[in-house]
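Structure file my_file-v2.cif (mmCIF, C-alpha atoms and all ligand atoms; chains and numbers go by the auth columns) is printed below.
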```
data_protein
loop_
_atom_site.group_PDB
_atom_site.id
_atom_site.type_symbol
_atom_site.label_atom_id
_atom_site.label_comp_id
_atom_site.label_asym_id
_atom_site.label_seq_id
_atom_site.Cartn_x
_atom_site.Cartn_y
_atom_site.Cartn_z
_atom_site.B_iso_or_equiv
_atom_site.auth_seq_id
_atom_site.auth_asym_id
ATOM 1 C CA MET A 1 -17.596 5.026 -51.134 0.00 257 H
ATOM 2 C CA GLU A 2 -16.550 5.396 -47.501 0.00 258 H
ATOM 3 C CA LYS A 3 -16.380 9.004 -46.301 0.00 259 H
ATOM 4 C CA GLY A 4 -12.876 10.490 -45.998 0.00 260 H
ATOM 5 C CA LYS A 5 -11.467 11.788 -42.724 0.00 261 H
ATOM 6 C CA PHE A 6 -10.935 15.403 -41.714 0.00 262 H
ATOM 7 C CA ILE A 7 -7.903 16.030 -39.486 0.00 263 H
ATOM 8 C CA VAL A 8 -6.729 19.355 -38.042 0.00 264 H
ATOM 9 C CA ILE A 9 -3.235 20.193 -36.806 0.00 265 H
ATOM 10 C CA GLU A 10 -3.161 23.118 -34.377 0.00 266 H
ATOM 11 C CA GLY A 11 -0.460 24.784 -32.330 0.00 267 H
ATOM 12 C CA LEU A 12 1.406 27.988 -31.664 0.00 268 H
ATOM 13 C CA ASP A 13 3.498 29.567 -34.386 0.00 269 H
ATOM 14 C CA GLY A 14 6.815 27.718 -34.416 0.00 270 H
ATOM 15 C CA SER A 15 5.383 24.510 -32.915 0.00 271 H
ATOM 16 C CA GLY A 16 6.294 22.529 -36.036 0.00 272 H
ATOM 17 C CA LYS A 17 2.822 22.279 -37.566 0.00 273 H
ATOM 18 C CA THR A 18 4.021 22.561 -41.141 0.00 274 H
ATOM 19 C CA THR A 19 6.848 20.017 -40.775 0.00 275 H
ATOM 20 C CA GLN A 20 4.615 17.563 -38.917 0.00 276 H
ATOM 21 C CA THR A 21 1.705 18.025 -41.317 0.00 277 H
ATOM 22 C CA ASN A 22 4.016 17.109 -44.190 0.00 278 H
ATOM 23 C CA ILE A 23 5.329 14.031 -42.355 0.00 279 H
ATOM 24 C CA ILE A 24 1.923 12.614 -41.435 0.00 280 H
ATOM 25 C CA THR A 25 0.720 13.324 -44.967 0.00 281 H
ATOM 26 C CA GLU A 26 3.543 11.214 -46.393 0.00 282 H
ATOM 27 C CA LYS A 27 2.970 8.433 -43.839 0.00 283 H
ATOM 28 C CA LEU A 28 -0.727 8.188 -44.704 0.00 284 H
ATOM 29 C CA ARG A 29 0.023 8.225 -48.427 0.00 285 H
ATOM 30 C CA ALA A 30 2.465 5.361 -47.903 0.00 286 H
ATOM 31 C CA LYS A 31 -0.458 3.409 -46.421 0.00 287 H
ATOM 32 C CA GLY A 32 -2.441 4.021 -49.598 0.00 288 H
ATOM 33 C CA ILE A 33 -4.642 6.779 -48.142 0.00 289 H
ATOM 34 C CA ASN A 34 -5.224 9.696 -50.459 0.00 290 H
ATOM 35 C CA VAL A 35 -4.383 12.881 -48.505 0.00 291 H
ATOM 36 C CA ILE A 36 -5.071 16.497 -49.360 0.00 292 H
ATOM 37 C CA ASN A 37 -2.862 18.904 -47.442 0.00 293 H
ATOM 38 C CA GLN A 38 -4.441 22.296 -46.748 0.00 294 H
ATOM 39 C CA ALA A 39 -4.096 25.296 -44.419 0.00 295 H
ATOM 40 C CA GLU A 40 -6.058 28.212 -43.001 0.00 296 H
ATOM 41 C CA PRO A 41 -6.029 31.017 -43.861 0.00 297 H
ATOM 42 C CA THR A 42 -6.668 29.505 -47.313 0.00 298 H
ATOM 43 C CA PRO A 43 -5.241 30.976 -50.539 0.00 299 H
ATOM 44 C CA HIS A 44 -8.749 32.116 -51.505 0.00 300 H
ATOM 45 C CA GLU A 45 -10.365 35.557 -51.280 0.00 301 H
ATOM 46 C CA PHE A 46 -11.111 35.779 -47.538 0.00 302 H
ATOM 47 C CA GLY A 47 -7.901 33.962 -46.631 0.00 303 H
ATOM 48 C CA ARG A 48 -5.871 36.451 -48.630 0.00 304 H
ATOM 49 C CA MET A 49 -7.588 39.278 -46.742 0.00 305 H
ATOM 50 C CA CYS A 50 -6.674 37.597 -43.420 0.00 306 H
ATOM 51 C CA ARG A 51 -3.000 37.498 -44.506 0.00 307 H
ATOM 52 C CA GLU A 52 -3.098 41.189 -45.430 0.00 308 H
ATOM 53 C CA VAL A 53 -4.361 42.040 -41.939 0.00 309 H
ATOM 54 C CA LEU A 54 -1.788 39.715 -40.318 0.00 310 H
ATOM 55 C CA GLY A 55 0.983 41.431 -42.289 0.00 311 H
ATOM 56 C CA GLY A 56 -0.252 44.897 -41.233 0.00 312 H
ATOM 57 C CA ARG A 57 -1.107 45.878 -44.834 0.00 313 H
ATOM 58 C CA LYS A 58 -4.844 46.076 -44.199 0.00 314 H
ATOM 59 C CA LYS A 59 -6.768 47.445 -41.210 0.00 315 H
ATOM 60 C CA VAL A 60 -10.070 45.992 -40.004 0.00 316 H
ATOM 61 C CA THR A 61 -11.831 45.887 -36.642 0.00 317 H
ATOM 62 C CA LYS A 62 -11.343 42.898 -34.345 0.00 318 H
ATOM 63 C CA SER A 63 -14.845 41.607 -35.004 0.00 319 H
ATOM 64 C CA GLN A 64 -14.327 41.953 -38.755 0.00 320 H
ATOM 65 C CA PHE A 65 -11.049 40.050 -38.441 0.00 321 H
ATOM 66 C CA ALA A 66 -12.805 37.204 -36.605 0.00 322 H
ATOM 67 C CA LEU A 67 -15.499 37.160 -39.293 0.00 323 H
ATOM 68 C CA LEU A 68 -12.909 37.089 -42.082 0.00 324 H
ATOM 69 C CA PHE A 69 -11.325 33.939 -40.636 0.00 325 H
ATOM 70 C CA THR A 70 -14.780 32.407 -40.235 0.00 326 H
ATOM 71 C CA ALA A 71 -15.852 33.351 -43.769 0.00 327 H
ATOM 72 C CA ASP A 72 -12.599 31.839 -45.040 0.00 328 H
ATOM 73 C CA ARG A 73 -13.418 28.657 -43.091 0.00 329 H
ATOM 74 C CA ILE A 74 -16.869 28.387 -44.677 0.00 330 H
ATOM 75 C CA ASP A 75 -15.273 28.703 -48.094 0.00 331 H
ATOM 76 C CA HIS A 76 -12.685 26.100 -47.059 0.00 332 H
ATOM 77 C CA ASN A 77 -15.560 23.688 -46.321 0.00 333 H
ATOM 78 C CA ILE A 78 -17.845 24.304 -49.266 0.00 334 H
ATOM 79 C CA ASN A 79 -15.589 25.458 -52.121 0.00 335 H
ATOM 80 C CA PRO A 80 -16.641 23.266 -55.060 0.00 336 H
ATOM 81 C CA GLU A 81 -13.121 23.106 -56.505 0.00 337 H
ATOM 82 C CA ASP A 82 -10.970 22.261 -53.495 0.00 338 H
ATOM 83 C CA GLY A 83 -13.218 22.400 -50.424 0.00 339 H
ATOM 84 C CA ILE A 84 -13.155 19.892 -47.550 0.00 340 H
ATOM 85 C CA ASN A 85 -16.661 18.598 -48.358 0.00 341 H
ATOM 86 C CA MET A 86 -15.750 17.837 -51.939 0.00 342 H
ATOM 87 C CA HIS A 87 -12.564 15.922 -51.008 0.00 343 H
ATOM 88 C CA ILE A 88 -14.190 14.007 -48.186 0.00 344 H
ATOM 89 C CA GLY A 89 -17.094 13.121 -50.425 0.00 345 H
ATOM 90 C CA LYS A 90 -14.600 11.452 -52.754 0.00 346 H
ATOM 91 C CA GLY A 91 -13.245 9.394 -49.842 0.00 347 H
ATOM 92 C CA ASP A 92 -10.006 11.375 -49.457 0.00 348 H
ATOM 93 C CA THR A 93 -8.509 12.565 -46.161 0.00 349 H
ATOM 94 C CA VAL A 94 -8.052 16.315 -45.645 0.00 350 H
ATOM 95 C CA ILE A 95 -5.426 17.577 -43.200 0.00 351 H
ATOM 96 C CA SER A 96 -5.756 21.241 -42.314 0.00 352 H
ATOM 97 C CA ASP A 97 -2.956 23.261 -40.740 0.00 353 H
ATOM 98 C CA ARG A 98 -5.203 25.340 -38.372 0.00 354 H
ATOM 99 C CA TYR A 99 -9.010 25.504 -38.095 0.00 355 H
ATOM 100 C CA TYR A 100 -11.617 27.027 -35.738 0.00 356 H
ATOM 101 C CA TYR A 101 -9.519 26.291 -32.637 0.00 357 H
ATOM 102 C CA SER A 102 -7.156 29.040 -33.888 0.00 358 H
ATOM 103 C CA THR A 103 -9.972 31.553 -34.288 0.00 359 H
ATOM 104 C CA LEU A 104 -11.255 30.739 -30.800 0.00 360 H
ATOM 105 C CA ALA A 105 -7.759 31.070 -29.296 0.00 361 H
ATOM 106 C CA TYR A 106 -6.435 34.064 -31.243 0.00 362 H
ATOM 107 C CA GLN A 107 -9.609 36.129 -31.735 0.00 363 H
ATOM 108 C CA GLY A 108 -11.722 34.843 -28.800 0.00 364 H
ATOM 109 C CA VAL A 109 -10.364 37.278 -26.268 0.00 365 H
ATOM 110 C CA ASP A 110 -10.980 40.274 -28.529 0.00 366 H
ATOM 111 C CA VAL A 111 -14.585 39.656 -29.461 0.00 367 H
ATOM 112 C CA GLY A 112 -15.987 37.178 -26.913 0.00 368 H
ATOM 113 C CA LEU A 113 -15.491 33.438 -26.962 0.00 369 H
ATOM 114 C CA ASP A 114 -19.222 32.652 -26.732 0.00 370 H
ATOM 115 C CA TRP A 115 -20.046 34.584 -29.894 0.00 371 H
ATOM 116 C CA LEU A 116 -17.189 32.955 -31.810 0.00 372 H
ATOM 117 C CA MET A 117 -18.096 29.491 -30.531 0.00 373 H
ATOM 118 C CA SER A 118 -21.683 29.743 -31.711 0.00 374 H
ATOM 119 C CA LEU A 119 -20.566 31.315 -34.998 0.00 375 H
ATOM 120 C CA ASN A 120 -18.177 28.459 -35.749 0.00 376 H
ATOM 121 C CA LEU A 121 -19.625 25.428 -33.955 0.00 377 H
ATOM 122 C CA GLY A 122 -23.211 26.336 -34.796 0.00 378 H
ATOM 123 C CA CYS A 123 -22.600 26.896 -38.488 0.00 379 H
ATOM 124 C CA GLU A 124 -23.955 24.152 -40.732 0.00 380 H
ATOM 125 C CA ASP A 125 -21.221 24.891 -43.291 0.00 381 H
ATOM 126 C CA ILE A 126 -18.369 24.367 -40.808 0.00 382 H
ATOM 127 C CA ARG A 127 -17.592 20.687 -40.299 0.00 383 H
ATOM 128 C CA LYS A 128 -16.434 19.232 -36.978 0.00 384 H
ATOM 129 C CA PRO A 129 -13.066 17.466 -37.503 0.00 385 H
ATOM 130 C CA ASP A 130 -12.656 13.722 -36.880 0.00 386 H
ATOM 131 C CA LEU A 131 -9.470 14.600 -34.978 0.00 387 H
ATOM 132 C CA CYS A 132 -7.656 17.726 -33.810 0.00 388 H
ATOM 133 C CA VAL A 133 -3.980 17.334 -32.896 0.00 389 H
ATOM 134 C CA PHE A 134 -2.729 20.215 -30.756 0.00 390 H
ATOM 135 C CA LEU A 135 1.070 20.556 -30.846 0.00 391 H
ATOM 136 C CA ASP A 136 1.998 22.072 -27.529 0.00 392 H
ATOM 137 C CA LEU A 137 5.228 24.004 -27.058 0.00 393 H
ATOM 138 C CA LEU A 138 6.361 26.510 -24.444 0.00 394 H
ATOM 139 C CA PRO A 139 6.251 30.028 -25.935 0.00 395 H
ATOM 140 C CA GLU A 140 9.978 30.633 -25.380 0.00 396 H
ATOM 141 C CA LYS A 141 10.704 27.564 -27.507 0.00 397 H
ATOM 142 C CA SER A 142 8.242 28.761 -30.155 0.00 398 H
ATOM 143 C CA MET A 143 10.056 32.107 -30.282 0.00 399 H
ATOM 144 C CA GLU A 144 13.460 30.400 -30.575 0.00 400 H
ATOM 145 C CA ARG A 145 12.229 28.459 -33.578 0.00 401 H
ATOM 146 C CA ILE A 146 10.475 31.465 -35.147 0.00 402 H
ATOM 147 C CA ASN A 147 13.559 33.671 -34.778 0.00 403 H
ATOM 148 C CA ALA A 148 15.854 30.977 -36.155 0.00 404 H
ATOM 149 C CA ASN A 149 13.739 30.478 -39.255 0.00 405 H
ATOM 150 C CA ARG A 150 12.635 33.919 -40.333 0.00 406 H
ATOM 151 C CA SER A 151 13.977 37.378 -41.063 0.00 407 H
ATOM 152 C CA GLU A 152 12.603 40.245 -38.933 0.00 408 H
ATOM 153 C CA ASP A 153 10.226 41.658 -41.562 0.00 409 H
ATOM 154 C CA GLU A 154 8.567 38.263 -41.982 0.00 410 H
ATOM 155 C CA ILE A 155 7.519 38.009 -38.349 0.00 411 H
ATOM 156 C CA GLU A 156 3.778 38.525 -38.074 0.00 412 H
ATOM 157 C CA ILE A 157 1.863 40.681 -35.592 0.00 413 H
ATOM 158 C CA TYR A 158 1.265 37.805 -33.162 0.00 414 H
ATOM 159 C CA GLU A 159 4.820 36.544 -32.920 0.00 415 H
ATOM 160 C CA THR A 160 6.074 37.917 -29.580 0.00 416 H
ATOM 161 C CA GLU A 161 6.678 35.741 -26.534 0.00 417 H
ATOM 162 C CA GLU A 162 4.185 37.618 -24.381 0.00 418 H
ATOM 163 C CA TYR A 163 1.461 37.212 -26.972 0.00 419 H
ATOM 164 C CA LEU A 164 2.222 33.525 -27.526 0.00 420 H
ATOM 165 C CA THR A 165 2.038 32.926 -23.759 0.00 421 H
ATOM 166 C CA SER A 166 -1.471 34.351 -23.606 0.00 422 H
ATOM 167 C CA ILE A 167 -2.515 32.462 -26.737 0.00 423 H
ATOM 168 C CA ARG A 168 -1.251 29.157 -25.340 0.00 424 H
ATOM 169 C CA LYS A 169 -3.375 29.776 -22.262 0.00 425 H
ATOM 170 C CA ARG A 170 -6.365 30.484 -24.486 0.00 426 H
ATOM 171 C CA PHE A 171 -5.787 27.325 -26.538 0.00 427 H
ATOM 172 C CA TYR A 172 -5.982 25.433 -23.246 0.00 428 H
ATOM 173 C CA ASN A 173 -9.286 27.152 -22.390 0.00 429 H
ATOM 174 C CA VAL A 174 -10.639 26.233 -25.815 0.00 430 H
ATOM 175 C CA ILE A 175 -9.502 22.613 -25.472 0.00 431 H
ATOM 176 C CA ASP A 176 -11.097 22.486 -22.018 0.00 432 H
ATOM 177 C CA ALA A 177 -14.391 23.808 -23.362 0.00 433 H
ATOM 178 C CA LEU A 178 -14.456 21.349 -26.282 0.00 434 H
ATOM 179 C CA LYS A 179 -12.832 18.203 -24.932 0.00 435 H
ATOM 180 C CA GLU A 180 -16.136 16.466 -24.129 0.00 436 H
ATOM 181 C CA THR A 181 -17.629 16.981 -27.567 0.00 437 H
ATOM 182 C CA GLU A 182 -14.574 16.774 -29.824 0.00 438 H
ATOM 183 C CA ASN A 183 -11.682 14.416 -30.425 0.00 439 H
ATOM 184 C CA ILE A 184 -8.689 16.571 -29.402 0.00 440 H
ATOM 185 C CA VAL A 185 -5.244 15.091 -28.690 0.00 441 H
ATOM 186 C CA VAL A 186 -2.558 17.280 -27.082 0.00 442 H
ATOM 187 C CA ILE A 187 1.015 16.339 -28.017 0.00 443 H
ATOM 188 C CA ASN A 188 4.191 17.756 -26.496 0.00 444 H
ATOM 189 C CA ALA A 189 6.050 19.232 -29.485 0.00 445 H
ATOM 190 C CA ASP A 190 9.327 19.678 -27.612 0.00 446 H
ATOM 191 C CA GLY A 191 10.752 16.329 -28.752 0.00 447 H
ATOM 192 C CA THR A 192 12.725 15.397 -31.842 0.00 448 H
ATOM 193 C CA VAL A 193 10.882 15.615 -35.142 0.00 449 H
ATOM 194 C CA ASP A 194 10.681 11.795 -35.237 0.00 450 H
ATOM 195 C CA GLU A 195 9.360 11.486 -31.666 0.00 451 H
ATOM 196 C CA VAL A 196 6.603 14.015 -32.274 0.00 452 H
ATOM 197 C CA ALA A 197 5.779 12.443 -35.651 0.00 453 H
ATOM 198 C CA GLU A 198 5.378 9.041 -34.026 0.00 454 H
ATOM 199 C CA GLN A 199 2.856 10.347 -31.485 0.00 455 H
ATOM 200 C CA ILE A 200 0.893 12.107 -34.196 0.00 456 H
ATOM 201 C CA GLU A 201 0.785 8.914 -36.235 0.00 457 H
ATOM 202 C CA LYS A 202 -0.622 7.032 -33.237 0.00 458 H
ATOM 203 C CA ALA A 203 -3.399 9.587 -32.751 0.00 459 H
ATOM 204 C CA VAL A 204 -4.191 9.710 -36.454 0.00 460 H
ATOM 205 C CA MET A 205 -4.301 5.945 -36.952 0.00 461 H
ATOM 206 C CA SER A 206 -6.851 5.665 -34.117 0.00 462 H
ATOM 207 C CA ILE A 207 -9.523 7.246 -36.340 0.00 463 H
ATOM 208 C CA TYR A 208 -9.116 4.795 -39.254 0.00 464 H
HETATM 209 P P1 LIG B . 0.216 30.165 -39.675 0.00 501 C
HETATM 210 O O1 LIG B . -0.346 28.801 -39.712 0.00 501 C
HETATM 211 O O2 LIG B . 1.214 30.448 -38.621 0.00 501 C
HETATM 212 O O3 LIG B . 0.796 30.519 -41.097 0.00 501 C
HETATM 213 P P2 LIG B . 2.330 30.793 -41.487 0.00 501 C
HETATM 214 O O4 LIG B . 3.015 29.472 -41.327 0.00 501 C
HETATM 215 O O5 LIG B . 2.221 31.263 -42.909 0.00 501 C
HETATM 216 O O6 LIG B . 2.832 31.851 -40.556 0.00 501 C
HETATM 217 O O7 LIG B . -1.017 31.149 -39.540 0.00 501 C
HETATM 218 C C1 LIG B . -0.887 32.535 -39.686 0.00 501 C
HETATM 219 C C2 LIG B . -1.408 33.296 -38.514 0.00 501 C
HETATM 220 O O8 LIG B . -2.840 33.337 -38.569 0.00 501 C
HETATM 221 C C3 LIG B . -1.067 32.768 -37.146 0.00 501 C
HETATM 222 O O9 LIG B . -0.342 33.765 -36.451 0.00 501 C
HETATM 223 C C4 LIG B . -2.384 32.585 -36.448 0.00 501 C
HETATM 224 C C5 LIG B . -3.343 33.394 -37.269 0.00 501 C
HETATM 225 N N1 LIG B . -4.732 32.894 -37.274 0.00 501 C
HETATM 226 C C6 LIG B . -5.677 33.498 -36.490 0.00 501 C
HETATM 227 O O10 LIG B . -5.388 34.472 -35.776 0.00 501 C
HETATM 228 N N2 LIG B . -6.974 33.054 -36.522 0.00 501 C
HETATM 229 C C7 LIG B . -7.354 32.006 -37.296 0.00 501 C
HETATM 230 O O11 LIG B . -8.545 31.632 -37.311 0.00 501 C
HETATM 231 C C8 LIG B . -6.351 31.361 -38.106 0.00 501 C
HETATM 232 C C9 LIG B . -6.736 30.209 -38.989 0.00 501 C
HETATM 233 C C10 LIG B . -5.052 31.830 -38.075 0.00 501 C
#
```

Translate the structure described by the file into structure tokens.
Ligand code: TYD
Amino acid sequence: MEKGKFIVIEGLDGSGKTTQTNIITEKLRAKGINVINQAEPTPHEFGRMCREVLGGRKKVTKSQFALLFTADRIDHNINPEDGINMHIGKGDTVISDRYYYSTLAYQGVDVGLDWLMSLNLGCEDIRKPDLCVFLDLLPEKSMERINANRSEDEIEIYETEEYLTSIRKRFYNVIDALKETENIVVINADGTVDEVAEQIEKAVMSIY
């Protein structure tokens, strides 16, 4: 059987990743492609630990935090029950809401981008995606959307405009560093849901 595709949707908090991931999932299914919709941090052991740190309920060092995301990513690849490798081996497409681009952007500045790059890109258990779609949105727009959709106690440690501005810059550095070796498409997420969805569909269909 033909190998399935692995697609990643990246972007700042509030950039519409979840909405757009659901839309492209439905569009691919309508074309008869079997799609598995997943996200990092995963619901598994290391992913749950990442969420506890994000919510301020657990304290770890910055390097430990970066390793937790990376350990979660390895599990996401190799988990025999619902890992990327297993689904792709069956010929299905996996779409992941976030992947190593997030670790490089969010944790890179804390622990050194070079170390994190070799940890993630040099790991035999971490697959390179067939496509990464980066949904780009100005941080003030991200904050507007985050504040409109969530109550105060749900807002995570990274969700301030100043932080999002620096993370957007770091996403651009990561994209710059990887654009020669990876298939990364940057899409302006400041359009209507339908406009953005159409551009994503174009990028996604180019890999089939
Ligand atoms: P997010 O996709 O925003 O989940 P939710 O929709 O539940 O808020 O991801 C949660 C946070 O995790 C987000 O602020 C970015 C952070 N994160 C990292 O810092 N590093 C990583 O490697 C990943 C995957 C996520």

Which residues of chain H come within 9 Å of ligand LIG 501 (chain C), and for each one, what is the closest pair of atoms and their distance in Å to one decimal, counting only C-alpha atoms and all ligand atoms, sorted by chain and residue number, as JSON lines?
```
{"residue": "H:Glu266", "atom": "CA", "partner": "C:LIG501", "partner_atom": "O1", "distance": 8.3}
{"residue": "H:Gly267", "atom": "CA", "partner": "C:LIG501", "partner_atom": "O1", "distance": 8.4}
{"residue": "H:Leu268", "atom": "CA", "partner": "C:LIG501", "partner_atom": "O2", "distance": 7.4}
{"residue": "H:Asp269", "atom": "CA", "partner": "C:LIG501", "partner_atom": "O2", "distance": 4.9}
{"residue": "H:Gly270", "atom": "CA", "partner": "C:LIG501", "partner_atom": "O2", "distance": 7.5}
{"residue": "H:Lys273", "atom": "CA", "partner": "C:LIG501", "partner_atom": "O1", "distance": 7.6}
{"residue": "H:Thr274", "atom": "CA", "partner": "C:LIG501", "partner_atom": "O4", "distance": 7.0}
{"residue": "H:Ala295", "atom": "CA", "partner": "C:LIG501", "partner_atom": "O1", "distance": 7.0}
{"residue": "H:Glu296", "atom": "CA", "partner": "C:LIG501", "partner_atom": "C9", "distance": 4.5}
{"residue": "H:Pro297", "atom": "CA", "partner": "C:LIG501", "partner_atom": "C9", "distance": 5.0}
{"residue": "H:Thr298", "atom": "CA", "partner": "C:LIG501", "partner_atom": "C9", "distance": 8.4}
{"residue": "H:Gly303", "atom": "CA", "partner": "C:LIG501", "partner_atom": "C9", "distance": 8.6}
{"residue": "H:Cys306", "atom": "CA", "partner": "C:LIG501", "partner_atom": "O8", "distance": 7.5}
{"residue": "H:Arg307", "atom": "CA", "partner": "C:LIG501", "partner_atom": "C1", "distance": 7.2}
{"residue": "H:Leu310", "atom": "CA", "partner": "C:LIG501", "partner_atom": "C2", "distance": 6.7}
{"residue": "H:Phe321", "atom": "CA", "partner": "C:LIG501", "partner_atom": "N2", "distance": 8.3}
{"residue": "H:Ala322", "atom": "CA", "partner": "C:LIG501", "partner_atom": "O11", "distance": 7.0}
{"residue": "H:Leu324", "atom": "CA", "partner": "C:LIG501", "partner_atom": "O11", "distance": 8.5}
{"residue": "H:Phe325", "atom": "CA", "partner": "C:LIG501", "partner_atom": "O11", "distance": 4.9}
{"residue": "H:Thr326", "atom": "CA", "partner": "C:LIG501", "partner_atom": "O11", "distance": 6.9}
{"residue": "H:Asp328", "atom": "CA", "partner": "C:LIG501", "partner_atom": "C9", "distance": 8.6}
{"residue": "H:Arg329", "atom": "CA", "partner": "C:LIG501", "partner_atom": "C9", "distance": 8.0}
{"residue": "H:Asp353", "atom": "CA", "partner": "C:LIG501", "partner_atom": "O1", "distance": 6.2}
{"residue": "H:Arg354", "atom": "CA", "partner": "C:LIG501", "partner_atom": "C9", "distance": 5.1}
{"residue": "H:Tyr355", "atom": "CA", "partner": "C:LIG501", "partner_atom": "C9", "distance": 5.3}
{"residue": "H:Tyr356", "atom": "CA", "partner": "C:LIG501", "partner_atom": "O11", "distance": 5.8}
{"residue": "H:Tyr357", "atom": "CA", "partner": "C:LIG501", "partner_atom": "O11", "distance": 7.2}
{"residue": "H:Ser358", "atom": "CA", "partner": "C:LIG501", "partner_atom": "O11", "distance": 4.5}
{"residue": "H:Thr359", "atom": "CA", "partner": "C:LIG501", "partner_atom": "O11", "distance": 3.3}
{"residue": "H:Leu360", "atom": "CA", "partner": "C:LIG501", "partner_atom": "O11", "distance": 7.1}
{"residue": "H:Ala361", "atom": "CA", "partner": "C:LIG501", "partner_atom": "N2", "distance": 7.5}
{"residue": "H:Tyr362", "atom": "CA", "partner": "C:LIG501", "partner_atom": "O10", "distance": 4.7}
{"residue": "H:Gln363", "atom": "CA", "partner": "C:LIG501", "partner_atom": "O10", "distance": 6.1}
{"residue": "H:Glu410", "atom": "CA", "partner": "C:LIG501", "partner_atom": "O6", "distance": 8.7}
{"residue": "H:Ile411", "atom": "CA", "partner": "C:LIG501", "partner_atom": "O6", "distance": 8.0}
{"residue": "H:Glu412", "atom": "CA", "partner": "C:LIG501", "partner_atom": "O9", "distance": 6.5}
{"residue": "H:Ile413", "atom": "CA", "partner": "C:LIG501", "partner_atom": "O9", "distance": 7.3}
{"residue": "H:Tyr414", "atom": "CA", "partner": "C:LIG501", "partner_atom": "O9", "distance": 5.5}
{"residue": "H:Glu415", "atom": "CA", "partner": "C:LIG501", "partner_atom": "O9", "distance": 6.8}
```

Writer output for current selection, C-alpha atoms, as a CSV table (one decimal), keeping the file's coordinate frame:
```
chain,number,residue,atom,x,y,z
H,266,GLU,CA,-3.2,23.1,-34.4
H,267,GLY,CA,-0.5,24.8,-32.3
H,268,LEU,CA,1.4,28.0,-31.7
H,269,ASP,CA,3.5,29.6,-34.4
H,270,GLY,CA,6.8,27.7,-34.4
H,273,LYS,CA,2.8,22.3,-37.6
H,274,THR,CA,4.0,22.6,-41.1
H,295,ALA,CA,-4.1,25.3,-44.4
H,296,GLU,CA,-6.1,28.2,-43.0
H,297,PRO,CA,-6.0,31.0,-43.9
H,298,THR,CA,-6.7,29.5,-47.3
H,303,GLY,CA,-7.9,34.0,-46.6
H,306,CYS,CA,-6.7,37.6,-43.4
H,307,ARG,CA,-3.0,37.5,-44.5
H,310,LEU,CA,-1.8,39.7,-40.3
H,321,PHE,CA,-11.0,40.0,-38.4
H,322,ALA,CA,-12.8,37.2,-36.6
H,324,LEU,CA,-12.9,37.1,-42.1
H,325,PHE,CA,-11.3,33.9,-40.6
H,326,THR,CA,-14.8,32.4,-40.2
H,328,ASP,CA,-12.6,31.8,-45.0
H,329,ARG,CA,-13.4,28.7,-43.1
H,353,ASP,CA,-3.0,23.3,-40.7
H,354,ARG,CA,-5.2,25.3,-38.4
H,355,TYR,CA,-9.0,25.5,-38.1
H,356,TYR,CA,-11.6,27.0,-35.7
H,357,TYR,CA,-9.5,26.3,-32.6
H,358,SER,CA,-7.2,29.0,-33.9
H,359,THR,CA,-10.0,31.6,-34.3
H,360,LEU,CA,-11.3,30.7,-30.8
H,361,ALA,CA,-7.8,31.1,-29.3
H,362,TYR,CA,-6.4,34.1,-31.2
H,363,GLN,CA,-9.6,36.1,-31.7
H,410,GLU,CA,8.6,38.3,-42.0
H,411,ILE,CA,7.5,38.0,-38.3
H,412,GLU,CA,3.8,38.5,-38.1
H,413,ILE,CA,1.9,40.7,-35.6
H,414,TYR,CA,1.3,37.8,-33.2
H,415,GLU,CA,4.8,36.5,-32.9
```

*Determine the residue set returned by the PyMOL selection byres (((chain H and resi 460) around 10) and not hetatm) for the present structure, and present it as a VMD selection string.*
chain H and resid 261 263 280 284 386 to 389 441 454 to 459 461 to 464

*So which residues get picked by the PyMOL selection byres (((chain H and resi 380) around 12) and not hetatm) here, written as a PyMOL selection string?*
chain H and resi 329-330+333-334+341+374-379+381-384

*Identify, on the basis of only C-alpha atoms, every residue whose closest approach to stretch 342-352 of chain H does not exceed 8 Å; exclude the query and any residue fewer than 2 positions from it along the same chain; express the result as JSON, numbers by chain.*
{"H": [257, 258, 259, 260, 261, 262, 263, 264, 265, 277, 281, 289, 290, 291, 292, 293, 294, 295, 296, 334, 335, 336, 337, 338, 339, 340, 354, 355]}

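Evaluating the PyMOL selection byres (((chain H and resi 444) around 9) and not hetatm) against the shown model yields H:Phe390, H:Leu391, H:Asp392, H:Leu393, H:Val442, H:Ile443, H:Ala445, H:Asp446, H:Gly447, H:Val452.
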
*Quick one: of H:Ile431, H:Ala286, H:Val367, H:Met399, who's nearest to H:Thr416, counting all atoms listed in the file?*
H:Met399

_If I take atom CA of H:Thr275 and atom CA of H:Ile440, how far is one from the other in Å, to one decimal?_
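Distance between the two atoms: 19.6 Å.
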
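When all atoms listed in the file are used to measure the gap to H:Leu369, the shortest distance among H:Glu282, H:Tyr419, H:Glu436, H:Ser319 belongs to H:Ser319.
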
*Atomic distance atom CA of H:Phe302 - atom CA of H:Asp366, expressed in Å with one decimal*: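 Result for atom CA of H:Phe302 versus atom CA of H:Asp366: 19.5 Å, one decimal.
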